[in-house]
Every structure is written in structure tokens, then in C-alpha cells.
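*Asks:* Have a look at the structure that comes next, please.
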Amino acid sequence: MHRAIPLALLILILGTLALSQQPRPSPMASAGRSEAVRAINDASVQLAELEKIHARTVAINADLSRLYDALSKKAAEVGKLAGTVRSGGGIAGAAAGGSSTQDLMNATQQMQEMQMSFNLQYLQLQENMQNTSRQYTAVSNILKTKHDTAKNVISNMK
């Protein structure tokens with residue numbers, strides 16, 4: 001994507017140069033060209049805004065991945081504690097495993113709290129993703145409209 005930006009800018013510059021080297025048309029056509037150039041400049045500004053939105057989306061995905069990793073580690077820890085309690089077995093094992101049972105209960109409670117925290121953070125990330133998606137769609141629609149306008153102005157000059 002980063003390679004496409006300089007290429008697009010080069011095409012825009014070459015297109016602008018090609019337009020400027022043509023014979024001088026009427027003032028009406030000059031106004032149309034200046035409008036087209038202005039639309040192209042606006043499009044490049046909005047492309048930069050789209051890149052910012054993309055960067056935020058990548059950051060949100062990284063946060064989500066980090067949360068999943070933390071939850072997986074906690075689940076593995078609780079699984080190990082549950083295995084310790086099960087392996088105690090019998091009445092003697094239950095008496096000896098009393099602290100293991102308490103550890104399991106504590107770990108389970110911590111995991112539940114972590115899961116609630118995870119769910120809250122996940123909902124916040126989901127909301128951020130939806131907002132980012134709406135922004136992206138809005139900017140994309142604006143860029144398309146401006147592109148179509150500039151294209152029509154240029155085609156009307158011919």
C-alpha cells in the first residue's frame with residue numbers, strides 16, 4: 001500500500017503536467033481544470049486520513065490479540081490447578097489437597113474476573129472497530145464522489 005502512494009502521486013503530477021502543457025483553452029475550461037486539481041489535492045489529504053484509520057485498526061487488532069493471549073494463559077493456569085486437585089484422589093487426597101482446592105477456587109475466581117474484564121475490553125474494541133469502519137466508509141465515499149466529479153470535469157473539457 002505504501003508503494004502505491006508514491007506511484008499515485010507520480011501519476012497525478014504527470015497528469016497535471018500533461019494538462020498544463022496543452023494549448024490554453026477557454027476560461028471556462030481553466031476553471032474546470034483548477035477544480036479538478038483542487039479535487040485531486042483534496043483526495044490526497046483524505047487518503048492520508050484513510051491511512052490513519054488503517055493504523056488505528058491495526059492497533060486495535062494488536063490489543064485484541066494481546067487480550068486473547070492473556071486469557072489463554074489464565075485458562076491454562078486454571079487447567080493445571082484443576083489437574084492437581086483431581087490427581088489428589090480419595091479422602092486422604094482431599095485432606096492433603098485442601099490448599100489445592102482453595103488455590104483452584106482462587107484461580108477460578110481470578111479467571112472469571114479476568115474474563116469479565118476481557119469481555120468489557122472486547123466490547124470497547126468492537127465499538128472502536130465499528131467507529132473506525134464508519135469513518136473509513138465515509139471518507140471512502142467522499143473520495144469516490146470527488147474522483148467522479150474530477151473525472152466528469154475533465155471529460156467535459158474534451
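Every chain in the C-alpha cells has a letter given in the order shown (A, B, ...), and although residue numbers restart at 1 in each chain, ligands are simply numbered from 1 in the order shown.
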Identify, on the basis of only C-alpha atoms, every residue whose closest approach to A:Ala36 does not exceed 8 Å; exclude the query and any residue fewer than 3 positions from it along the same chain; express the result as a PyMOL selection string.
*Replies:* chain A and resi 32-33+39-40+149-151+153-154
*Asks:* Go through A:Val78, A:Leu67, A:Val45, A:Ala62 one by one, measure the shortest atom-to-atom distance of each to A:Thr101 using only C-alpha atoms, and give the residue with the smallest value.
*Replies:* A:Val78
*Asks:* Between atom CA of A:Met111 and atom CA of A:Gln126, measure the distance and give it in Å to one decimal.
*Replies:*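 Between atom CA of A:Met111 and atom CA of A:Gln126 the gap works out to 21.6 Å.
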*Asks:* Would you mind listing what lies within 8 Å of A:Thr132 as an MDAnalysis selection string, with only C-alpha atoms counted and same-chain residues fewer than 2 positions away left out?
*Replies:* chainID A and resid 53 56:57 128:130 134:136
*Asks:* Could those selected residues go to a file with N, CA and C atoms, as a compact mmCIF listing (two decimals), in the first residue's frame?
*Replies:*
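Final file, out.txt:
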```
# COMPACT_ATOMS: atom_id res chain seq x y z
N ILE A 53 -6.69 5.91 9.74
CA ILE A 53 -7.74 4.99 10.18
C ILE A 53 -7.24 3.56 10.11
N ARG A 56 -5.02 2.83 13.07
CA ARG A 56 -5.80 2.60 14.29
C ARG A 56 -6.40 1.20 14.28
N THR A 57 -6.85 0.74 13.14
CA THR A 57 -7.42 -0.61 13.03
C THR A 57 -6.36 -1.66 13.36
N ASN A 128 -14.81 0.46 18.94
CA ASN A 128 -13.78 1.21 18.21
C ASN A 128 -13.69 0.75 16.76
N MET A 129 -13.75 -0.55 16.54
CA MET A 129 -13.69 -1.08 15.17
C MET A 129 -14.89 -0.59 14.35
N GLN A 130 -16.07 -0.57 14.96
CA GLN A 130 -17.25 -0.11 14.24
C GLN A 130 -17.13 1.37 13.89
N ARG A 134 -16.96 2.95 10.17
CA ARG A 134 -17.85 4.02 9.70
C ARG A 134 -17.05 5.19 9.13
N GLN A 135 -15.98 5.56 9.82
CA GLN A 135 -15.14 6.66 9.34
C GLN A 135 -14.53 6.31 7.99
N TYR A 136 -14.02 5.10 7.88
CA TYR A 136 -13.41 4.65 6.63
C TYR A 136 -14.42 4.71 5.49
```
*Asks:* Distance atom CA of A:Val37-atom CA of A:Glu49, one decimal place?
*Replies:*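 We find that atom CA of A:Val37 and atom CA of A:Glu49 lie 18.8 Å from each other.
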